[in-house]
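Data block below; observations after.
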Amino acid sequence: MSGSRERVLARVRAALADVPRDEAPQDVAVPRDYSPAHDRGEAAELLVDRLEDYKALVHRTSPEGLAGDIARALARRGTHRVAAPADAPADWFGSTEVEVVRDGGLDIAGLDGMDGVVTGCAAAIAETGTIVLDAGEAQGRRALTLIPDYHLCVVRGDQIVAGVPQALPRLDPRRPLTWISGPSATSDIELDRVEGVHGPRTLEVMIVD
Amino acid sequence: MSPHRSTGRAPGAQPSSGERAAGHATFMGMPPFPEAAKSAVEDSQMRHNLRLATGTIRGKREAVVSELDDWPDLRQAGKAIKDRTLRHLDTYLEQLEEAVTAAGGTVHWAADADEANEIVTGLVQATGESDVVKVKSMATQEIELNEALAQAGITAYETDLAELIVQLSDDLPSHILVPAIHRNRAEIREIFRDRMASWGVPAPEELSDDPRALAEAARVHLRERFLNTKVAISGANFAVADTGSMVVLESEGNGRMCLTLPQTLISVVGIEKIVPTWSDLEVFLQLLPRSSTGERMNPYTSTWTGVTPGDGPQEFHVVLLDNGRTDVLADTVGRQALRCIRCSACLNTCPVYERTGGHAYGSVYPGPIGAILTPQLRGTASETEASLPYASSLCGACYEVCPVAIDIPEVLVHLREEVVARPGHRAEKAAMGAAGWLLNGEHRLDTAQRAASAARSLVPRRMPGPASAWTDTRDIPEVPEESFRSWWRREGAAEAPEHTGDGGDEDAQEGGRR
Ligand code: SF4
């Protein structure tokens with residue numbers, strides 16, 4: 001700690017002289033009449049629609065078809081070496097010829113040399129086309145999904161929720177979270193949306209259900 | 001030879017740090033609003049860019065907001081959560097401090113800009129580094145951190161595309177969300193071609209003005225910087241009191257780079273950025289992206305809590321910034337300005353902002369929110385701040401789009417009262433200057449509806465204090481709405497500053513657009 005802690009707190013308290021001393025934070029009513037989700041049909045279908053809207057590549061597949069679809073996606077992309085979290089299921093890579101490098105502390109240059117990365121996710125939000133990574137199972141640390149230019153993400157059907165309020169209880173705030181809604185983009189030049197700036201410029205999503 | 005010679009302000013040029021700081025553009029000492037607005041309005045290129053941009057973004061916002069039938073409920077919840085936070089800010093600040101500390105972060109408290117700059121400079125110096133990467137943050141612009149770091153020989157590299165454009169061209173940001181909204185693609189290409197080399201990786205020889213090519217040039221320019229810089233500085237959109245989590249929303253991935261790759265992360269966060277609980281984010285993560293970029297969700301949102309072993313920066317500092325916020329908090333009418341989540345919807349909808357652009361407001365907070373925040377943060381003693389509450393027609397569009405329901409017109413009127421109550425103040429001058437600028441040109445306020453609103457509300461029904469004479473003698477309340485312009489021409493024009501007439505180009509644009 002450094003700086004003017006007491007001074008700032010004293011100023012805050014002085015500024016709030018109008019607030020009754022016995023008022024507790026909960027006494028300030030917060031109406032929560034908003035909806036947990038908006039009814040827009042089947043969640044997986046909506047997720048596909050939203051992700052495509054962000055110019056992500058999206059496929060729906062089955063547990064049996066996943067390895068084949070991953071292999072085809074990596075081949076289409078022309079990858080030679082892709083990174084994967086240490087704990088990503090081995091059967092994801094059962095059909096691919098591409099070299100899969102398990103992350104055991106690759107340095108930044110090592111990550112920069114990868115043609116892509118394949119991970120799972122913690123949750124997905126259909127309405128907003130969002131995939132959330134929490135550095136947990138089959139996701140790896142944050143740098144892994146940031147530096148390679150291509151991110152292939154596997155989403156299980158049971159990880160999809162409809163709206164934002166349904167996603168937060170599933171997420172552990174103590175973990176570093178990355179919410180991804182499409183590939184990186186900028187609208188800074190005449191508000192023209194351009195996909196692909198610093199994060200992965202291509203996002204490909206496999207929805208498994 | 002070093003390509004750095006050509007520009008005195010680029011980092012490689014190694015001018016004395018004092019010189020470098022002096023060269024930075026700054027909002028301090030800007031002329032008061034009417035003057036600044038007048039010269040901005042005359043810049044037709046800027047006006048054209050701005051109108052195009054705000055029109056586009058308004059349309060996108062409307063589309064995604066109307067998609068949610070519970071938008072009014074979300075807005076009510078957002079407002080109430082922020083009110084709860086503000087009324088008990090001391091409790092939440094202490095809670096946040098405890099949670100951040102428990103998660104391995106360090107909390108610092110800064111009473112003003114100087115103290116915040118000192119703290120951050122000291123933290124960077126302790127790492128032994130002389131370069132830092134920055135992700136767009138209004139708080140650090142407000143305290144002019146880059147200039148303070150430069151004085152200490154530390155170069156801050158802006159990494160947001162728009163901020164990069166602003167930094168390379170030694171310009172000032174003009175919009176909260178799209179700071180280079182006043183620049184078009186051709187201008188951006190010129191800036192990249194001329195200036196990138198002196199800040200690092202040069203722009204390609206054959207750079208076109210295709211936004212794609214420009215974005216690619218920015219990617220290449222910044223890539224090495226991201227991969228090698230050891231210290232990052234950020235702000236935060238939200239700081240969650242009960243968990244100690246910080247939240248940053250962004251689009252390009254430069255935020256993720258800054259928040260993930262360096263070893264040390266320093267976040268400068270205004271004390272009003274707090275939300276009480278983790279689950280409160282369910283409201284703001286719906287309100288903010290839809291209101292600001294008009295997207296259902298922005299491409300990237302990062303949240304982190306203290307430090308995570310083996311993932312991301314291993315040293316984390318948060319600097320809690322007051323710098324006038326407690327003065328805003330003390331004003332029971334003006335306090336609501338601290339609910340602001342910096343979405344910029346009020347800028348994009350404001351007819352005055354659309355004409356003047358952001359620079360006229362003389363602060364990092366432009367548009368309607370700037371007109372109420374800046375005078376409160378800095379006080380109304382100087383002419384610039386005194387004129388800001390008049391930089392509005394009180395048409396109310398800003399209130400309607402505000403996702404946390406800040407009644408900007410109410411605060412504007414309240415601040416006008418404060419301006420006129422100041423002993424010996426030039427209230428009349430401030431009012432007349434702003435009103436004259438707004439209304440003298442035929443096309444300044446472009447719809448009859450807005451003119452009508454202006455007539456109702458440009459002048460408060462009765463101005464208190466010394467200005468009451470001004471309003472009383474002119475029978476404001478009785479002026480029929482439709483004839484406000486003619487009334488103004490008769491009564492106001494003589495006293496208002498001279499105006500150059502609107503150029504014919506504006507008429508042509510108006511006609512063509514509608
Ligand atoms: S005042 Fe409201 S509309 Fe304006 S930037 Fe702040 S939150 Fe957005």
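FYI, nothing fancy with the structure tokens labels: chains A, B, ... in order, residues from 1 per chain, ligands from 1 as they appear.
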
### Task
Find the residues near ligand 1. Use a cut-off of 10 Å, count only C-alpha atoms and all ligand atoms, and write them as a ChimeraX atom specification.
/B:78-79,176-177,287-288,291-292,336-350,365-373,397-408

Any chance you can output those residues with C-alpha atoms as an mmCIF file, in the first residue's frame?
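In the end it all went to again.cif:
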data_model
loop_
_atom_site.group_PDB
_atom_site.id
_atom_site.type_symbol
_atom_site.label_atom_id
_atom_site.label_comp_id
_atom_site.auth_asym_id
_atom_site.auth_seq_id
_atom_site.Cartn_x
_atom_site.Cartn_y
_atom_site.Cartn_z
ATOM 1 C CA GLY B 78 -27.429 -0.459 -13.867
ATOM 2 C CA LYS B 79 -28.438 2.881 -12.428
ATOM 3 C CA ILE B 176 -14.075 8.336 -25.704
ATOM 4 C CA LEU B 177 -14.391 5.173 -27.665
ATOM 5 C CA LEU B 287 -25.338 -2.519 -21.141
ATOM 6 C CA LEU B 288 -21.828 -1.467 -22.099
ATOM 7 C CA SER B 291 -24.335 1.140 -25.860
ATOM 8 C CA SER B 292 -20.788 1.785 -26.941
ATOM 9 C CA GLN B 336 -24.931 10.876 -10.741
ATOM 10 C CA ALA B 337 -22.195 11.752 -13.244
ATOM 11 C CA LEU B 338 -20.066 9.162 -11.439
ATOM 12 C CA ARG B 339 -22.429 6.424 -12.607
ATOM 13 C CA CYS B 340 -20.934 6.894 -16.088
ATOM 14 C CA ILE B 341 -19.530 3.740 -17.648
ATOM 15 C CA ARG B 342 -17.885 5.683 -20.530
ATOM 16 C CA CYS B 343 -19.916 4.070 -23.278
ATOM 17 C CA SER B 344 -19.974 7.277 -25.373
ATOM 18 C CA ALA B 345 -23.593 6.841 -26.485
ATOM 19 C CA CYS B 346 -24.295 10.397 -25.330
ATOM 20 C CA LEU B 347 -21.547 11.747 -27.588
ATOM 21 C CA ASN B 348 -22.816 9.900 -30.608
ATOM 22 C CA THR B 349 -26.322 11.191 -30.172
ATOM 23 C CA CYS B 350 -25.483 14.787 -29.324
ATOM 24 C CA TYR B 365 -14.081 13.732 -21.464
ATOM 25 C CA PRO B 366 -15.881 15.248 -24.421
ATOM 26 C CA GLY B 367 -19.545 15.524 -25.338
ATOM 27 C CA PRO B 368 -22.444 15.704 -22.912
ATOM 28 C CA ILE B 369 -20.711 13.670 -20.214
ATOM 29 C CA GLY B 370 -17.669 15.928 -20.484
ATOM 30 C CA ALA B 371 -19.883 18.988 -20.192
ATOM 31 C CA ILE B 372 -21.010 17.800 -16.756
ATOM 32 C CA LEU B 373 -17.949 15.896 -15.567
ATOM 33 C CA ALA B 397 -31.118 12.929 -26.271
ATOM 34 C CA CYS B 398 -28.112 12.107 -24.077
ATOM 35 C CA TYR B 399 -30.314 11.147 -21.159
ATOM 36 C CA GLU B 400 -32.432 8.880 -23.312
ATOM 37 C CA VAL B 401 -29.493 6.835 -24.565
ATOM 38 C CA CYS B 402 -27.531 6.760 -21.322
ATOM 39 C CA PRO B 403 -27.403 3.144 -20.120
ATOM 40 C CA VAL B 404 -27.192 4.236 -16.493
ATOM 41 C CA ALA B 405 -29.828 6.950 -16.862
ATOM 42 C CA ILE B 406 -27.688 9.953 -15.983
ATOM 43 C CA ASP B 407 -29.940 12.990 -16.262
ATOM 44 C CA ILE B 408 -27.355 15.103 -18.037
#

### Message
Env of Ala186 (chain B): 9 Å cut, atoms = only C-alpha atoms, seq-sep filter 6 positions within chain, self excluded. Answer as a list in words.
### Response
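The contact residues come out as Ser208, Asp209 and Asp210 of chain B.
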
### Task
Skip Thr178 (chain A) itself and residues of its chain fewer than 3 positions away, then list as a ChimeraX atom specification all residues within 7 Å of it, counting only C-alpha atoms.
/A:132-134 /B:300-303

Since we have the selection now, will you write its residues out, keeping all heavy atoms, as a compact mmCIF listing (two decimals), in the first residue's frame?
# COMPACT_ATOMS: atom_id res chain seq x y z
N VAL A 132 -16.21 -18.32 -23.38
CA VAL A 132 -15.41 -17.88 -22.23
C VAL A 132 -14.36 -18.93 -21.91
O VAL A 132 -14.68 -20.12 -21.77
CB VAL A 132 -16.29 -17.63 -20.99
CG1 VAL A 132 -15.45 -16.97 -19.89
CG2 VAL A 132 -17.50 -16.77 -21.33
N LEU A 133 -13.13 -18.48 -21.81
CA LEU A 133 -12.02 -19.35 -21.38
C LEU A 133 -11.67 -19.01 -19.95
O LEU A 133 -11.62 -17.82 -19.59
CB LEU A 133 -10.79 -19.10 -22.26
CG LEU A 133 -10.94 -19.20 -23.78
CD1 LEU A 133 -9.60 -18.91 -24.44
CD2 LEU A 133 -11.47 -20.55 -24.19
N ASP A 134 -11.42 -20.02 -19.12
CA ASP A 134 -11.05 -19.71 -17.73
C ASP A 134 -9.72 -20.33 -17.33
O ASP A 134 -9.43 -20.49 -16.15
CB ASP A 134 -12.17 -20.12 -16.77
CG ASP A 134 -12.28 -21.63 -16.59
OD1 ASP A 134 -11.58 -22.38 -17.31
OD2 ASP A 134 -13.07 -22.07 -15.72
N TYR B 300 -13.28 -8.92 -27.15
CA TYR B 300 -12.56 -9.49 -26.00
C TYR B 300 -12.89 -8.77 -24.69
O TYR B 300 -12.85 -7.55 -24.62
CB TYR B 300 -11.04 -9.36 -26.20
CG TYR B 300 -10.48 -10.12 -27.37
CD1 TYR B 300 -9.57 -9.52 -28.22
CD2 TYR B 300 -10.86 -11.44 -27.62
CE1 TYR B 300 -9.03 -10.21 -29.30
CE2 TYR B 300 -10.32 -12.13 -28.70
CZ TYR B 300 -9.41 -11.51 -29.53
OH TYR B 300 -8.88 -12.19 -30.59
N THR B 301 -13.17 -9.55 -23.68
CA THR B 301 -13.26 -9.02 -22.32
C THR B 301 -12.32 -9.85 -21.45
O THR B 301 -12.38 -11.08 -21.48
CB THR B 301 -14.69 -9.11 -21.78
OG1 THR B 301 -15.54 -8.29 -22.59
CG2 THR B 301 -14.76 -8.61 -20.33
N SER B 302 -11.46 -9.18 -20.72
CA SER B 302 -10.55 -9.88 -19.81
C SER B 302 -10.92 -9.55 -18.37
O SER B 302 -11.22 -8.39 -18.06
CB SER B 302 -9.10 -9.42 -20.03
OG SER B 302 -8.66 -9.78 -21.32
N THR B 303 -10.95 -10.55 -17.52
CA THR B 303 -11.08 -10.29 -16.09
C THR B 303 -9.93 -11.00 -15.39
O THR B 303 -9.52 -12.09 -15.80
CB THR B 303 -12.42 -10.80 -15.50
OG1 THR B 303 -12.35 -12.21 -15.29
CG2 THR B 303 -13.59 -10.49 -16.42

#### Entry: Spatial neighbours of region 114-128 of chain A, max dist 8 Å, only C-alpha atoms, sep filter under 4 positions, as a PyMOL selection string
(chain A and resi 37-38+40+43-44+46-48+50+79-85+88+110+132-134+136-140+144-145+148-155+159-164+167+170-171+181) or (chain B and resi 296-297)

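Atom to atom, CA of Gln95 (chain B) and CA of Ala241 (chain B) stand 5.6 Å apart.
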
### Message
With distances taken over only C-alpha atoms, which residue among B:Glu282, B:Glu216, B:Glu418, B:Asp242 lies nearest Tyr34 (chain A)?
### Response
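Checking each candidate against Tyr34 (chain A), we get B:Glu282 as the closest.
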
### Task
Quick one: pull the distance between CA of Asp194 (chain B) and CA of Leu261 (chain B), Å, one decimal.
29.0 Å

Enumerate, in order of chain and increasing residue number, the residues of chain A with an atom no farther than 7 Å from chain B, each with its shortest atom pair and distance in Å to one decimal, counting only C-alpha atoms, as JSON lines.
{"residue": "A:Met1", "atom": "CA", "partner": "B:His108", "partner_atom": "CA", "distance": 5.1}
{"residue": "A:Ser2", "atom": "CA", "partner": "B:His108", "partner_atom": "CA", "distance": 4.9}
{"residue": "A:Gly3", "atom": "CA", "partner": "B:Trp109", "partner_atom": "CA", "distance": 4.8}
{"residue": "A:Ser4", "atom": "CA", "partner": "B:Trp109", "partner_atom": "CA", "distance": 5.2}
{"residue": "A:Arg5", "atom": "CA", "partner": "B:Trp109", "partner_atom": "CA", "distance": 5.1}
{"residue": "A:Val8", "atom": "CA", "partner": "B:Ala111", "partner_atom": "CA", "distance": 5.9}
{"residue": "A:Leu9", "atom": "CA", "partner": "B:Asp90", "partner_atom": "CA", "distance": 6.0}
{"residue": "A:Arg11", "atom": "CA", "partner": "B:Thr326", "partner_atom": "CA", "distance": 6.2}
{"residue": "A:Val12", "atom": "CA", "partner": "B:Thr326", "partner_atom": "CA", "distance": 5.6}
{"residue": "A:Arg13", "atom": "CA", "partner": "B:Asp90", "partner_atom": "CA", "distance": 6.5}
{"residue": "A:Ala15", "atom": "CA", "partner": "B:Ala330", "partner_atom": "CA", "distance": 3.9}
{"residue": "A:Leu16", "atom": "CA", "partner": "B:Ala330", "partner_atom": "CA", "distance": 6.2}
{"residue": "A:Val19", "atom": "CA", "partner": "B:Arg87", "partner_atom": "CA", "distance": 6.7}
{"residue": "A:Pro25", "atom": "CA", "partner": "B:Arg84", "partner_atom": "CA", "distance": 6.0}
{"residue": "A:Val28", "atom": "CA", "partner": "B:Arg84", "partner_atom": "CA", "distance": 5.4}
{"residue": "A:Ala29", "atom": "CA", "partner": "B:Ala80", "partner_atom": "CA", "distance": 6.8}
{"residue": "A:Val30", "atom": "CA", "partner": "B:Ala80", "partner_atom": "CA", "distance": 5.1}
{"residue": "A:Pro31", "atom": "CA", "partner": "B:Ala77", "partner_atom": "CA", "distance": 5.6}
{"residue": "A:Arg32", "atom": "CA", "partner": "B:Ala77", "partner_atom": "CA", "distance": 5.8}
{"residue": "A:Asp33", "atom": "CA", "partner": "B:Asp73", "partner_atom": "CA", "distance": 5.6}
{"residue": "A:Tyr34", "atom": "CA", "partner": "B:Asp73", "partner_atom": "CA", "distance": 5.0}
{"residue": "A:Ser35", "atom": "CA", "partner": "B:Asp70", "partner_atom": "CA", "distance": 6.6}
{"residue": "A:Ile108", "atom": "CA", "partner": "B:Leu227", "partner_atom": "CA", "distance": 6.8}
{"residue": "A:Thr128", "atom": "CA", "partner": "B:Arg296", "partner_atom": "CA", "distance": 5.2}
{"residue": "A:Arg141", "atom": "CA", "partner": "B:Asp311", "partner_atom": "CA", "distance": 5.5}
{"residue": "A:Arg142", "atom": "CA", "partner": "B:Asp311", "partner_atom": "CA", "distance": 6.5}
{"residue": "A:Ala143", "atom": "CA", "partner": "B:Thr260", "partner_atom": "CA", "distance": 6.4}
{"residue": "A:Val164", "atom": "CA", "partner": "B:Glu282", "partner_atom": "CA", "distance": 5.8}
{"residue": "A:Pro165", "atom": "CA", "partner": "B:Glu282", "partner_atom": "CA", "distance": 4.9}
{"residue": "A:Leu168", "atom": "CA", "partner": "B:Ser279", "partner_atom": "CA", "distance": 6.3}
{"residue": "A:Pro173", "atom": "CA", "partner": "B:Ser245", "partner_atom": "CA", "distance": 6.8}
{"residue": "A:Arg174", "atom": "CA", "partner": "B:Thr305", "partner_atom": "CA", "distance": 5.6}
{"residue": "A:Arg175", "atom": "CA", "partner": "B:Trp304", "partner_atom": "CA", "distance": 6.7}
{"residue": "A:Pro176", "atom": "CA", "partner": "B:Trp304", "partner_atom": "CA", "distance": 4.5}
{"residue": "A:Leu177", "atom": "CA", "partner": "B:Thr303", "partner_atom": "CA", "distance": 5.1}
{"residue": "A:Thr178", "atom": "CA", "partner": "B:Ser302", "partner_atom": "CA", "distance": 4.7}
{"residue": "A:Trp179", "atom": "CA", "partner": "B:Thr301", "partner_atom": "CA", "distance": 4.9}
{"residue": "A:Ile180", "atom": "CA", "partner": "B:Tyr300", "partner_atom": "CA", "distance": 4.9}
{"residue": "A:Ser181", "atom": "CA", "partner": "B:Pro299", "partner_atom": "CA", "distance": 4.3}
{"residue": "A:Gly182", "atom": "CA", "partner": "B:Pro299", "partner_atom": "CA", "distance": 5.6}
{"residue": "A:Pro183", "atom": "CA", "partner": "B:Pro299", "partner_atom": "CA", "distance": 6.5}
{"residue": "A:Ser184", "atom": "CA", "partner": "B:Glu252", "partner_atom": "CA", "distance": 4.8}
{"residue": "A:Ala185", "atom": "CA", "partner": "B:Glu252", "partner_atom": "CA", "distance": 5.0}
{"residue": "A:Thr186", "atom": "CA", "partner": "B:Glu252", "partner_atom": "CA", "distance": 5.5}
{"residue": "A:Asp188", "atom": "CA", "partner": "B:Ala162", "partner_atom": "CA", "distance": 5.6}
{"residue": "A:Ile189", "atom": "CA", "partner": "B:Pro211", "partner_atom": "CA", "distance": 6.2}
{"residue": "A:Glu190", "atom": "CA", "partner": "B:Asn184", "partner_atom": "CA", "distance": 6.0}
{"residue": "A:Leu191", "atom": "CA", "partner": "B:Ala53", "partner_atom": "CA", "distance": 6.2}
{"residue": "A:Val194", "atom": "CA", "partner": "B:Arg212", "partner_atom": "CA", "distance": 6.0}
{"residue": "A:Val197", "atom": "CA", "partner": "B:Glu252", "partner_atom": "CA", "distance": 5.4}
{"residue": "A:His198", "atom": "CA", "partner": "B:Gly253", "partner_atom": "CA", "distance": 4.9}
{"residue": "A:Gly199", "atom": "CA", "partner": "B:Gly253", "partner_atom": "CA", "distance": 4.5}

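For the pair CA of Asp171 (chain B) and CA of Ser392 (chain B), the separation is 24.9 Å.
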